[in-house]
Amino acid sequence: MIRSLHLAASMALVLLTSGLVHAQKNRIDTLLLPFRALTIEDGLSQGMVNTILQDKYGFMWFGTKDGLNRYDGYTFTVFRQDPEDSTTLRNNYIHSLYEDKQGRLWVGTGEGLELFDRDSERFIHARAGSTPIRDIVLGIAQDAHNDLWLARNNGLAKLTFTGKTSSDGMPPCTIKRYLENSCLVSSDRAGTIWASQYDLNSFHVLPNHAGNDVLDTLQLDRPVGNTSTGRSPLALTGLTTIEDTVNRKLYGLHMFGIAQLDGHSHRATSLLEVGTELGQMRGTNAAVDPNGRLWLAIHSGIYLFDPATRKFSRALPRDQNLMLQAQGGAKCAYRDRNGLIWIGTSGYGLVTYDPRSGRFNTVKTASCGSMQALPDGRVSVAYHAGFLNVFDPATNAWPTWIPWSEKVDDPALDMLSRANRVFVRDERGIYWFNHEGILTYDPVQDRITRVARDTAAIRAFPEETYNETFLLEGDSLIWSGSAQTLCRFDRRTGLFHYVPYPRSRLGDSERFLHAIDRDDNGILWLGTATGLYCYDRRKNGVARWLVYTHDPSDPASLSSDIIYSLLNDPKDPEVLWVGTNGGGLNRLHKRTGKFVRYNSKHGLPNDVVYGILPDEAGNLWMSTNKGLSRFSPGTGAFRNFDASVGLQSDEFNRYAYCRQSDGTLFFGGVMGFNYFKPAELTDDSTNSPIRVTGIKLINGTLDHRAEGSPLDRPAYLSEGITIPHSANMVTFEFATLEFSAPEEHRYQYKLEGFDGDWIIAGHDRSAVYTNLDPGTYTFRVRGDNRDGIWDTQGTAFQLVVLPPWWRTWWAYGLYLFALVGGVLLFIRIRTVGLNRQKEMLERTVAERTAALHREKEEADRQRERAEHSGKIKQQFLANMSHEIRTPMNAITGMTGILRRNAHLPEQEKYLDAIAKSSESLLVIINDVLDLSKMEAGKIVLGSVRFDPRAVVQGVQEILRFKAEDKKLYLRMDIDPMVPGSLQGDPTRLQQIIMNLVGNAIKFTTEGGVSVNMTATMVDHAKALVRINVTDTGIGVATDRRDRIFEEFDQGQGSTAFKYGGTGLGLSISRRLAQMQGGDITVTSEVGKGSTFTVSIPFALAKDAEIPHGQDPGVPSGTRPDGSLRDLRILLAEDNEFNAMVAQDELADAIPGVQVDVAVNGRIAVEMVQANDYDLVLMDVQMPEMNGHEATRAIRALDGAKSRIPIIAITANVLKEEVERCKESGMDGYVPKPFRREELVNAIATATNETLRGS
């Protein structure tokens, strides 16, 4: 069936050309060639290709009916007309292309001549003087004087360039016209112009730059063609020229054939005359291949003419899918710098042909089954379709098929036709075949014989065995095999001998024998479907078997159990090469039994190895499912060949390979076979240019025409780019401009300054880099040519990554300036601050300590409360605090007034009760606020240097009076090892100790309270401080020791009733300790007392200890020094009782004070405007105008009244409210209920600041 299809295809080709052969002067042969195609599906703008050019940079250009195309081997860039852009083509129909000696690219269109500006990729509309050239430009050529000649639809024209290029890029020129009808024009290397009229004469033009051009009419050496158009029989009509630069010959293609031209005369020698059935050769375009053959693009197809032999052939594609491209007519032919032939077709795109593809001799036949080299130089070939033939490579001919036929009346014929894909031919010319036994065929006697098995063999193995392959040994033995046994047949005696295979872990049912080879030691190597078998008969006549199989856990085992081919290395007897099905090539070292594997990961094109043959150089040649491969064992390198270089197909067959004595190798496949001498296959050492074809930044392709683009010209013309640091993801795209098989090119690249070595990119033609540091880099890329030879030079492209603005030289200058300025400013501020601090500390350190400590404690409570509560809860707490503190201020104040004034002795206890109740209520409010802040996470711990001794001593000073009232002792014991300077929050530490000592005093009726402070060094920078508070009070029951730290726990009901409190103190204290990395524990015995232990780690302060007497971490206020007198104060207060308290307290504390009262903010502003006050005490929440509004109104007044000190007196103690007071312009803040000392200190501070500022 395959053979019949092959013959049918051949008949179709014969019929296709039969009409041409009948009428032409010369016989036309048909060549089936491995063409490749490029169509609109590949990106070509349109299928009719009128002109082809390769520019000086290596790019291919194609002119079509719909646009100009530039091709880099992978992608097309299309240039078309844009009616809204005057720098694009005037017309999309491209007739001609020409690159002149100056490297300028000229484009002939259906509406004039265009000059392509490569830098801007725009088109300059050519003109002569101010006159545009708008004719159809069919051809372009340049003479020896660098003038351009244009073949137009209305005649021949010459452009003479007269000066430097104009501002728009067009070189100034004049135009001179010759002839009058449609013309063709071409030039040779000497600069001679050859011109032709379509239907009349052709001319040898002798150009003259001054304009005295001479046109000599060309004549043939003999008449050709007809004279129906009025032409002379000797005229060359419709001439185009093509030059063979290697053989220094110039050919003219004319309407009726091919002639050889003489560049120094007007005579032409006819080489070929063709009939008009070719569609006339007028305007035929041609190219000369490296062998000197002319490739002709004719309206009726693609033809080849060999001037040396005068052989004229038609070229058709081997691939039937490309038949339309070849049959549809050709428009132009071109040979690029690598010898590749390009054909532009009339509507079907492009086809290419690589003349180097003929390096492998190809014989197209049906699918080959088996091959054997014969002693006389011929080769026997068996086919899957059931016939046998002999091929003579010397004559490239088949003498005849082996003549078995229907005349052979033998029942074994049918068996033979099914068996002959595998054979062996012995020294007598007898063919031996395997199929359900052994068959022989004697071509001389035309006789088929079935070899009967002897009786002993039948008795031992009664079932027929299926044999797959043969091995001849000497002149008598034939080795074969089956799934069960190795078979030896003695041709002299006719006896069979069967050797059972050893057992295999893979079983016996599929153990088909695919390959047999015998080494120099007489050992048989068997390649089967279940592994590799070694049969050694050398030792005392006792056979020894070795079996090699695939072990997934052993990389030194056989790569696949199915073996197709074997070769004992002709240069190393210790090596056996094994070709497998799916496992690639294996190298067995016979002595060690270890395998080395080679597969597609190492360069083998396919992992099915059908055949292995050696060459004289020690290389191995292998046939696969993806072409042939040459392997060099010394280097481990593979060189692969596929159908694109002329192989019969990419797919080869098992058994179809052999080697002749002269070194010629044969490999057969599904569409015939190839034969070649490896020594004659030379690699191409030339390199094609490699270009950077595109740059991407962050996945966006750079367009050099876009405003602000880093590229000012196309990437392939640019030497480098500069990019900002923000665009730090760069992709380089590149291509080797060699077009025979672009997809096979491999690449290596590196970025100097980033990559240490070359990156192996394989067939990937892009490189991506990200996160490049600022600097200058050089991107280098190189590729290999079509024979795998690497270009050592490649191309380079510079990349500059700019630093971010904060790393530029001017930024560093600013940093230096800022650093110097900052140091100077710091020194200045520090000096001023230290002087001021020294001044204030010397005068007020003692007075301010207590006041600022109270302010800090109150502010902390307010902050903790504000940070915990949500908006609604915070407002509620603020309102409740304000509403309670406002009347409390009056209560506590009036209590103090009554105590200072004369009263009855029996009234003292009532006043004392009022004072203590007020103080307890204030403690409750403060505890609730602290707890709220903690739960909201709004308490921020401070970090200042402090003296822990001062903290403990401060607690003693505050609480000793309470202890004395209960006749209790209060002792403080501080270990000398306690550091004098720690880093932390002394206020919170004091709060914890105050709570613990306060509770101890509260729950103790006899004895007293002891406080002991010790410290243990954790490391060189940290100390663990322990404070033990021990009392002789009521103690804590064991089951309540953990619960006392819970919120609102007050002990047993009777205890809570007796001692009072909120149950928050211990909870708050433990939380504060834990926030500082510590904890509080308790040991206690009911009726004997308790010990609470605070353990907190503190960092050691690096600087000197705090000066003696300074409060731990809290700045002090100002205490009145006696100069506070005769003040006139305005009190803005809407509460009558609070106003009375403030007036009385101020009158008692400040001699000569005068206090005026305003019941709201509006009246306060009016009174400030009308009177001179030393100070304003401002309530915040008042009717009509609140304290904030009143303060801002006062600050807006003119003159000195806007600077009057204003102190807020408010019951709102939240941090936000304090900040609002400062923001509105108040100078101080005193919470309600206020203590007289606190208020007086605030007044002293405000008035002193005013005096210093005045």
# chains A, B, ... in the order shown; residues from 1 in each chain; ligands from 1

$ residues_around --residues "Gly481 in chain A" --least-positions-apart "6" --cutoff "10 Å" --atoms "only C-alpha atoms" --output "PyMOL selection string"
chain A and resi 434+465-471+487-488+498-501+511-516+526+528

$ write_last_selection --atoms "N, CA and C atoms" --output "compact mmCIF listing (two decimals), in the first residue's frame"
# COMPACT_ATOMS: atom_id res chain seq x y z
N ASN A 434 13.29 -14.49 8.40
CA ASN A 434 12.66 -15.06 9.59
C ASN A 434 11.16 -14.77 9.56
N THR A 465 8.79 -21.28 16.74
CA THR A 465 9.30 -20.07 17.41
C THR A 465 9.26 -18.90 16.43
N TYR A 466 9.00 -17.70 16.95
CA TYR A 466 8.97 -16.51 16.12
C TYR A 466 10.33 -15.84 16.20
N ASN A 467 11.07 -15.86 15.12
CA ASN A 467 12.40 -15.29 15.07
C ASN A 467 12.34 -13.87 14.51
N GLU A 468 13.21 -12.99 15.01
CA GLU A 468 13.13 -11.57 14.66
C GLU A 468 14.36 -11.06 13.92
N THR A 469 15.55 -11.60 14.21
CA THR A 469 16.76 -11.08 13.57
C THR A 469 17.78 -12.19 13.45
N PHE A 470 18.89 -11.90 12.68
CA PHE A 470 19.91 -12.88 12.37
C PHE A 470 21.28 -12.37 12.71
N LEU A 471 22.21 -13.33 12.87
CA LEU A 471 23.63 -13.01 12.92
C LEU A 471 24.38 -14.16 12.25
N CYS A 487 18.63 -19.56 19.15
CA CYS A 487 18.66 -20.64 18.15
C CYS A 487 19.95 -20.55 17.33
N ARG A 488 20.62 -21.67 17.18
CA ARG A 488 21.81 -21.75 16.33
C ARG A 488 21.54 -22.79 15.24
N TYR A 498 19.07 -25.36 20.25
CA TYR A 498 18.35 -24.34 21.00
C TYR A 498 18.95 -24.20 22.40
N VAL A 499 19.20 -22.97 22.79
CA VAL A 499 19.74 -22.69 24.14
C VAL A 499 18.68 -21.87 24.88
N PRO A 500 18.08 -22.42 25.93
CA PRO A 500 17.05 -21.65 26.67
C PRO A 500 17.67 -20.41 27.34
N TYR A 501 16.90 -19.33 27.32
CA TYR A 501 17.35 -18.12 28.00
C TYR A 501 17.31 -18.33 29.52
N ARG A 511 9.92 -11.73 25.39
CA ARG A 511 11.37 -11.63 25.22
C ARG A 511 11.73 -11.78 23.74
N PHE A 512 11.30 -10.81 22.92
CA PHE A 512 11.61 -10.83 21.49
C PHE A 512 13.03 -10.34 21.28
N LEU A 513 13.71 -11.00 20.37
CA LEU A 513 15.10 -10.67 20.07
C LEU A 513 15.12 -9.62 18.97
N HIS A 514 15.69 -8.43 19.28
CA HIS A 514 15.74 -7.33 18.32
C HIS A 514 17.12 -7.12 17.72
N ALA A 515 18.16 -7.50 18.44
CA ALA A 515 19.52 -7.23 17.95
C ALA A 515 20.47 -8.31 18.47
N ILE A 516 21.43 -8.73 17.62
CA ILE A 516 22.49 -9.66 18.01
C ILE A 516 23.81 -9.10 17.52
N LEU A 526 22.86 -10.03 23.15
CA LEU A 526 21.49 -10.10 22.64
C LEU A 526 20.67 -8.95 23.21
N THR A 528 17.05 -7.61 23.68
CA THR A 528 15.69 -8.15 23.65
C THR A 528 14.70 -7.11 24.17

$ select_by_dssp --residues "range 6-123 of chain A" --states "alpha helix (DSSP H)" --output "list in words"
His6, Leu7, Ala8, Ala9, Ser10, Met11, Ala12, Leu13, Val14, Leu15, Leu16, Thr17, Ser18, Gly19, Leu20, Val21, His22 and Ala23 of chain A

$ write_last_selection --atoms "N, CA and C atoms" --output "compact mmCIF listing (two decimals), in the first residue's frame"
# COMPACT_ATOMS: atom_id res chain seq x y z
N HIS A 6 3.36 5.87 -3.05
CA HIS A 6 4.57 6.53 -3.54
C HIS A 6 4.54 6.64 -5.06
N LEU A 7 4.14 5.57 -5.71
CA LEU A 7 4.08 5.58 -7.17
C LEU A 7 3.01 6.54 -7.67
N ALA A 8 1.88 6.61 -6.91
CA ALA A 8 0.82 7.53 -7.31
C ALA A 8 1.30 8.97 -7.25
N ALA A 9 2.05 9.30 -6.19
CA ALA A 9 2.57 10.66 -6.06
C ALA A 9 3.52 10.97 -7.20
N SER A 10 4.35 9.99 -7.55
CA SER A 10 5.30 10.21 -8.64
C SER A 10 4.57 10.44 -9.95
N MET A 11 3.51 9.67 -10.21
CA MET A 11 2.73 9.84 -11.44
C MET A 11 2.10 11.22 -11.50
N ALA A 12 1.64 11.72 -10.32
CA ALA A 12 1.02 13.05 -10.30
C ALA A 12 2.03 14.11 -10.71
N LEU A 13 3.26 13.97 -10.27
CA LEU A 13 4.28 14.95 -10.63
C LEU A 13 4.60 14.87 -12.11
N VAL A 14 4.62 13.67 -12.65
CA VAL A 14 4.89 13.51 -14.08
C VAL A 14 3.81 14.16 -14.90
N LEU A 15 2.56 13.93 -14.53
CA LEU A 15 1.45 14.54 -15.26
C LEU A 15 1.49 16.06 -15.15
N LEU A 16 1.93 16.56 -14.00
CA LEU A 16 1.97 17.99 -13.76
C LEU A 16 2.89 18.69 -14.75
N THR A 17 4.00 18.04 -15.10
CA THR A 17 5.01 18.66 -15.95
C THR A 17 5.00 18.13 -17.38
N SER A 18 4.11 17.22 -17.69
CA SER A 18 4.16 16.59 -19.01
C SER A 18 3.91 17.59 -20.13
N GLY A 19 2.97 18.51 -19.90
CA GLY A 19 2.68 19.49 -20.93
C GLY A 19 3.86 20.38 -21.20
N LEU A 20 4.59 20.71 -20.16
CA LEU A 20 5.75 21.58 -20.32
C LEU A 20 6.84 20.86 -21.09
N VAL A 21 7.08 19.62 -20.75
CA VAL A 21 8.13 18.85 -21.42
C VAL A 21 7.83 18.71 -22.89
N HIS A 22 6.59 18.58 -23.23
CA HIS A 22 6.19 18.32 -24.62
C HIS A 22 6.53 19.50 -25.52
N ALA A 23 6.36 20.72 -25.05
CA ALA A 23 6.46 21.87 -25.92
C ALA A 23 7.77 22.60 -25.82

$ closest_residue --among "A:Thr284, A:Asn568, A:Ser644, A:Thr309" --to "Asp519 in chain A" --atoms "only C-alpha atoms"
A:Asn568

$ residues_around --residues "Ala128 in chain A" --least-positions-apart "2" --cutoff "7 Å" --atoms "only C-alpha atoms" --output "PyMOL selection string"
chain A and resi 130-133+172-175

$ write_last_selection --atoms "C-alpha atoms" --output "PDB file, in the first residue's frame"
ATOM      1  CA  SER A 130      10.642  70.199  -5.116  1.00  0.00           C
ATOM      2  CA  THR A 131       8.861  67.720  -7.418  1.00  0.00           C
ATOM      3  CA  PRO A 132       7.641  64.512  -5.727  1.00  0.00           C
ATOM      4  CA  ILE A 133       8.398  61.219  -7.483  1.00  0.00           C
ATOM      5  CA  PRO A 172      18.978  66.607  -2.995  1.00  0.00           C
ATOM      6  CA  CYS A 173      18.888  65.269  -6.542  1.00  0.00           C
ATOM      7  CA  THR A 174      17.903  65.974 -10.121  1.00  0.00           C
ATOM      8  CA  ILE A 175      15.980  63.622 -12.398  1.00  0.00           C
TER       9      ILE A 175
END

$ closest_atom_pairs --of "range 1133-1193 of chain A" --to "range 1212-1226 of chain A" --cutoff "7 Å" --atoms "only C-alpha atoms" --output "CSV"
residue,atom,partner,partner_atom,distance
A:His1188,CA,A:Ser1224,CA,5.6
A:Thr1191,CA,A:Gly1225,CA,6.3
A:Arg1192,CA,A:Ser1224,CA,5.8

$ closest_residue --among "A:Lys696, A:His725, A:Ala452, A:Phe739" --to "Thr808 in chain A" --atoms "only C-alpha atoms"
A:His725

$ residues_around --residues "Val1157 in chain A" --least-positions-apart "5" --cutoff "9 Å" --atoms "only C-alpha atoms" --output "list in words"
Ile1129, Leu1130, Leu1131, Ala1132, Glu1133, Asp1134, Ala1139, Gln1143 and Ala1164 of chain A

$ write_last_selection --atoms "N, CA and C atoms" --output "mmCIF file, in the first residue's frame"
data_model
loop_
_atom_site.group_PDB
_atom_site.id
_atom_site.type_symbol
_atom_site.label_atom_id
_atom_site.label_comp_id
_atom_site.auth_asym_id
_atom_site.auth_seq_id
_atom_site.Cartn_x
_atom_site.Cartn_y
_atom_site.Cartn_z
ATOM 1 N N ILE A 1129 -6.873 88.883 89.739
ATOM 2 C CA ILE A 1129 -7.178 87.648 89.011
ATOM 3 C C ILE A 1129 -8.644 87.670 88.597
ATOM 4 N N LEU A 1130 -8.881 87.228 87.318
ATOM 5 C CA LEU A 1130 -10.247 87.046 86.840
ATOM 6 C C LEU A 1130 -10.555 85.558 86.892
ATOM 7 N N LEU A 1131 -11.650 85.204 87.615
ATOM 8 C CA LEU A 1131 -12.087 83.814 87.732
ATOM 9 C C LEU A 1131 -13.337 83.635 86.896
ATOM 10 N N ALA A 1132 -13.245 82.811 85.834
ATOM 11 C CA ALA A 1132 -14.402 82.500 84.992
ATOM 12 C C ALA A 1132 -14.972 81.185 85.468
ATOM 13 N N GLU A 1133 -16.101 81.201 86.195
ATOM 14 C CA GLU A 1133 -16.665 80.004 86.808
ATOM 15 C C GLU A 1133 -18.164 80.193 86.899
ATOM 16 N N ASP A 1134 -18.925 79.233 86.358
ATOM 17 C CA ASP A 1134 -20.379 79.355 86.379
ATOM 18 C C ASP A 1134 -20.979 78.723 87.626
ATOM 19 N N ALA A 1139 -16.844 78.939 92.776
ATOM 20 C CA ALA A 1139 -16.305 80.296 92.748
ATOM 21 C C ALA A 1139 -15.987 80.774 94.165
ATOM 22 N N GLN A 1143 -12.237 81.794 95.498
ATOM 23 C CA GLN A 1143 -11.960 83.132 96.026
ATOM 24 C C GLN A 1143 -11.364 83.034 97.418
ATOM 25 N N ALA A 1164 -16.358 86.885 80.552
ATOM 26 C CA ALA A 1164 -14.927 86.890 80.840
ATOM 27 C C ALA A 1164 -14.156 87.661 79.781
#

$ closest_residue --among "A:Gly112, A:Asp520, A:Asn619, A:Arg861" --to "Pro573 in chain A" --atoms "only C-alpha atoms"
A:Asp520

$ select_by_dssp --residues "range 449-674 of chain A" --states "strand (DSSP E or B)" --output "PyMOL selection string"
chain A and resi 449-451+471-473+477-481+485-490+496-500+513-518+524-528+531-536+544-548+563-568+575-581+585-589+594-598+608+611-614+620-625+627-632+637-641+652-659+665-669+672-674

$ residues_around --residues "range 948-952 of chain A" --least-positions-apart "2" --cutoff "10 Å" --atoms "only C-alpha atoms" --output "PyMOL selection string"
chain A and resi 945-946+954-957+972-976+978-984+986-987+989-991+993-994+1011-1013+1025+1027+1106+1108-1113

$ write_last_selection --atoms "N, CA and C atoms" --output "tab-separated table (two decimals), in the first residue's frame"
chain	number	residue	atom	x	y	z
A	945	ARG	N	15.74	57.89	82.98
A	945	ARG	CA	16.66	57.51	84.05
A	945	ARG	C	16.04	57.90	85.39
A	946	PHE	N	16.16	57.05	86.39
A	946	PHE	CA	15.62	57.39	87.70
A	946	PHE	C	16.41	56.65	88.78
A	954	GLY	N	10.13	58.48	98.30
A	954	GLY	CA	8.97	59.33	98.02
A	954	GLY	C	7.69	58.73	98.56
A	955	VAL	N	7.54	57.41	98.41
A	955	VAL	CA	6.35	56.73	98.95
A	955	VAL	C	6.31	56.89	100.47
A	956	GLN	N	7.47	56.78	101.11
A	956	GLN	CA	7.52	56.92	102.57
A	956	GLN	C	7.08	58.32	103.01
A	957	GLU	N	7.54	59.35	102.27
A	957	GLU	CA	7.18	60.71	102.63
A	957	GLU	C	5.69	60.94	102.51
A	972	MET	N	11.59	51.67	105.85
A	972	MET	CA	12.12	51.46	104.49
A	972	MET	C	13.54	50.93	104.60
A	973	ASP	N	13.85	49.80	103.93
A	973	ASP	CA	15.17	49.19	103.96
A	973	ASP	C	15.63	48.96	102.52
A	974	ILE	N	16.68	49.65	102.08
A	974	ILE	CA	17.17	49.56	100.69
A	974	ILE	C	18.56	48.95	100.71
A	975	ASP	N	18.71	47.85	99.98
A	975	ASP	CA	20.00	47.15	99.90
A	975	ASP	C	21.02	48.06	99.19
A	976	PRO	N	22.23	48.16	99.70
A	976	PRO	CA	23.27	48.99	99.05
A	976	PRO	C	23.59	48.53	97.63
A	978	VAL	N	21.51	47.91	95.35
A	978	VAL	CA	20.54	48.42	94.38
A	978	VAL	C	21.22	49.52	93.57
A	979	PRO	N	21.22	49.42	92.19
A	979	PRO	CA	21.87	50.44	91.37
A	979	PRO	C	21.27	51.82	91.64
A	980	GLY	N	22.10	52.83	91.52
A	980	GLY	CA	21.62	54.19	91.76
A	980	GLY	C	20.95	54.80	90.56
A	981	SER	N	21.06	54.20	89.38
A	981	SER	CA	20.45	54.79	88.17
A	981	SER	C	19.94	53.67	87.27
A	982	LEU	N	18.61	53.66	87.08
A	982	LEU	CA	17.97	52.68	86.21
A	982	LEU	C	17.22	53.39	85.09
A	983	GLN	N	16.84	52.60	84.05
A	983	GLN	CA	16.07	53.14	82.92
A	983	GLN	C	14.70	52.48	82.94
A	984	GLY	N	13.63	53.31	83.04
A	984	GLY	CA	12.29	52.74	83.09
A	984	GLY	C	11.27	53.81	83.39
A	986	PRO	N	9.48	55.43	86.42
A	986	PRO	CA	9.44	55.53	87.88
A	986	PRO	C	8.05	55.84	88.42
A	987	THR	N	7.23	56.49	87.60
A	987	THR	CA	5.89	56.86	88.07
A	987	THR	C	5.05	55.62	88.31
A	989	LEU	N	6.20	52.61	88.78
A	989	LEU	CA	6.78	51.88	89.90
A	989	LEU	C	6.31	52.47	91.22
A	990	GLN	N	6.27	53.79	91.30
A	990	GLN	CA	5.81	54.44	92.53
A	990	GLN	C	4.34	54.13	92.78
A	991	GLN	N	3.52	54.09	91.70
A	991	GLN	CA	2.11	53.78	91.84
A	991	GLN	C	1.91	52.38	92.43
A	993	ILE	N	4.07	50.64	94.31
A	993	ILE	CA	4.48	50.62	95.73
A	993	ILE	C	3.47	51.36	96.60
A	994	MET	N	2.95	52.50	96.07
A	994	MET	CA	1.95	53.26	96.82
A	994	MET	C	0.73	52.40	97.10
A	1011	VAL	N	9.15	47.94	104.17
A	1011	VAL	CA	9.42	47.89	102.73
A	1011	VAL	C	10.91	47.58	102.54
A	1012	ASN	N	11.20	46.49	101.80
A	1012	ASN	CA	12.58	46.08	101.58
A	1012	ASN	C	12.86	46.01	100.08
A	1013	MET	N	13.90	46.72	99.60
A	1013	MET	CA	14.25	46.73	98.16
A	1013	MET	C	15.62	46.09	97.97
A	1025	VAL	N	14.89	44.04	89.97
A	1025	VAL	CA	14.60	44.75	91.23
A	1025	VAL	C	13.45	44.05	91.94
A	1027	ILE	N	10.91	44.24	95.42
A	1027	ILE	CA	10.43	45.09	96.52
A	1027	ILE	C	9.46	44.25	97.34
A	1106	ILE	N	21.23	60.27	88.53
A	1106	ILE	CA	20.41	61.48	88.63
A	1106	ILE	C	20.91	62.30	89.82
A	1108	HIS	N	21.16	64.37	93.15
A	1108	HIS	CA	20.45	64.12	94.41
A	1108	HIS	C	19.30	65.12	94.56
A	1109	GLY	N	18.16	64.58	94.95
A	1109	GLY	CA	16.99	65.42	95.22
A	1109	GLY	C	16.03	65.55	94.07
A	1110	GLN	N	16.41	65.07	92.87
A	1110	GLN	CA	15.49	65.21	91.73
A	1110	GLN	C	14.45	64.10	91.76
A	1111	ASP	N	13.22	64.47	91.44
A	1111	ASP	CA	12.13	63.50	91.39
A	1111	ASP	C	12.42	62.45	90.34
A	1112	PRO	N	12.02	61.20	90.57
A	1112	PRO	CA	12.36	60.10	89.65
A	1112	PRO	C	11.66	60.21	88.32
A	1113	GLY	N	12.24	60.88	87.40
A	1113	GLY	CA	11.74	60.87	86.03
A	1113	GLY	C	10.66	61.86	85.76

$ residues_around --residues "Ser1202 in chain A" --least-positions-apart "2" --cutoff "12 Å" --atoms "only C-alpha atoms" --output "list in words"
Val1165, Val1168, Gln1169, Asp1172, Tyr1173, Asp1174, Leu1175, Val1176, Ala1190, Thr1191, Arg1192, Ala1193, Ile1194, Arg1195, Ala1196, Leu1197, Asp1198, Gly1199, Ala1200, Ile1204, Pro1205, Ile1206, Gly1225, Met1226 and Thr1250 of chain A

$ write_last_selection --atoms "C-alpha atoms" --output "PDB file, in the first residue's frame"
ATOM      1  CA  VAL A1165     -13.798  88.180  77.438  1.00  0.00           C
ATOM      2  CA  VAL A1168     -10.528  91.220  80.074  1.00  0.00           C
ATOM      3  CA  GLN A1169     -11.137  93.896  77.471  1.00  0.00           C
ATOM      4  CA  ASP A1172      -6.164  94.831  83.482  1.00  0.00           C
ATOM      5  CA  TYR A1173      -5.665  91.403  85.001  1.00  0.00           C
ATOM      6  CA  ASP A1174      -2.517  89.559  85.960  1.00  0.00           C
ATOM      7  CA  LEU A1175      -4.113  86.147  85.382  1.00  0.00           C
ATOM      8  CA  VAL A1176      -7.305  84.403  84.225  1.00  0.00           C
ATOM      9  CA  ALA A1190     -13.189  82.354  75.444  1.00  0.00           C
ATOM     10  CA  THR A1191      -9.431  81.613  75.459  1.00  0.00           C
ATOM     11  CA  ARG A1192      -9.203  81.837  71.667  1.00  0.00           C
ATOM     12  CA  ALA A1193     -11.149  85.099  71.780  1.00  0.00           C
ATOM     13  CA  ILE A1194      -8.708  86.560  74.316  1.00  0.00           C
ATOM     14  CA  ARG A1195      -5.705  85.406  72.289  1.00  0.00           C
ATOM     15  CA  ALA A1196      -7.170  87.249  69.331  1.00  0.00           C
ATOM     16  CA  LEU A1197      -7.212  90.602  71.159  1.00  0.00           C
ATOM     17  CA  ASP A1198      -4.713  93.313  70.324  1.00  0.00           C
ATOM     18  CA  GLY A1199      -1.751  94.285  72.418  1.00  0.00           C
ATOM     19  CA  ALA A1200      -0.659  92.887  75.770  1.00  0.00           C
ATOM     20  CA  ILE A1204      -2.393  87.407  79.616  1.00  0.00           C
ATOM     21  CA  PRO A1205      -1.713  84.050  81.408  1.00  0.00           C
ATOM     22  CA  ILE A1206      -4.744  81.726  81.347  1.00  0.00           C
ATOM     23  CA  GLY A1225      -4.003  78.742  74.029  1.00  0.00           C
ATOM     24  CA  MET A1226      -4.151  78.111  77.790  1.00  0.00           C
ATOM     25  CA  THR A1250       5.029  85.947  81.831  1.00  0.00           C
TER      26      THR A1250
END

$ residues_around --residues "Ile136 in chain A" --least-positions-apart "4" --cutoff "7 Å" --atoms "only C-alpha atoms" --output "VMD selection string"
chain A and resid 109 to 112 152 to 153

$ write_last_selection --atoms "N, CA and C atoms" --output "mmCIF file, in the first residue's frame"
data_model
loop_
_atom_site.group_PDB
_atom_site.id
_atom_site.type_symbol
_atom_site.label_atom_id
_atom_site.label_comp_id
_atom_site.auth_asym_id
_atom_site.auth_seq_id
_atom_site.Cartn_x
_atom_site.Cartn_y
_atom_site.Cartn_z
ATOM 1 N N THR A 109 7.157 51.942 -4.516
ATOM 2 C CA THR A 109 5.761 51.621 -4.238
ATOM 3 C C THR A 109 4.875 51.901 -5.442
ATOM 4 N N GLY A 110 3.607 51.639 -5.282
ATOM 5 C CA GLY A 110 2.634 51.934 -6.321
ATOM 6 C C GLY A 110 2.343 53.412 -6.451
ATOM 7 N N GLU A 111 2.970 54.232 -5.621
ATOM 8 C CA GLU A 111 2.739 55.676 -5.696
ATOM 9 C C GLU A 111 4.032 56.436 -5.416
ATOM 10 N N GLY A 112 5.153 55.945 -5.948
ATOM 11 C CA GLY A 112 6.376 56.696 -5.847
ATOM 12 C C GLY A 112 7.487 55.987 -5.110
ATOM 13 N N ARG A 152 10.224 52.611 -14.061
ATOM 14 C CA ARG A 152 8.888 53.093 -13.714
ATOM 15 C C ARG A 152 7.871 52.528 -14.692
ATOM 16 N N ASN A 153 6.638 52.757 -14.401
ATOM 17 C CA ASN A 153 5.582 52.305 -15.308
ATOM 18 C C ASN A 153 5.536 53.142 -16.579
#
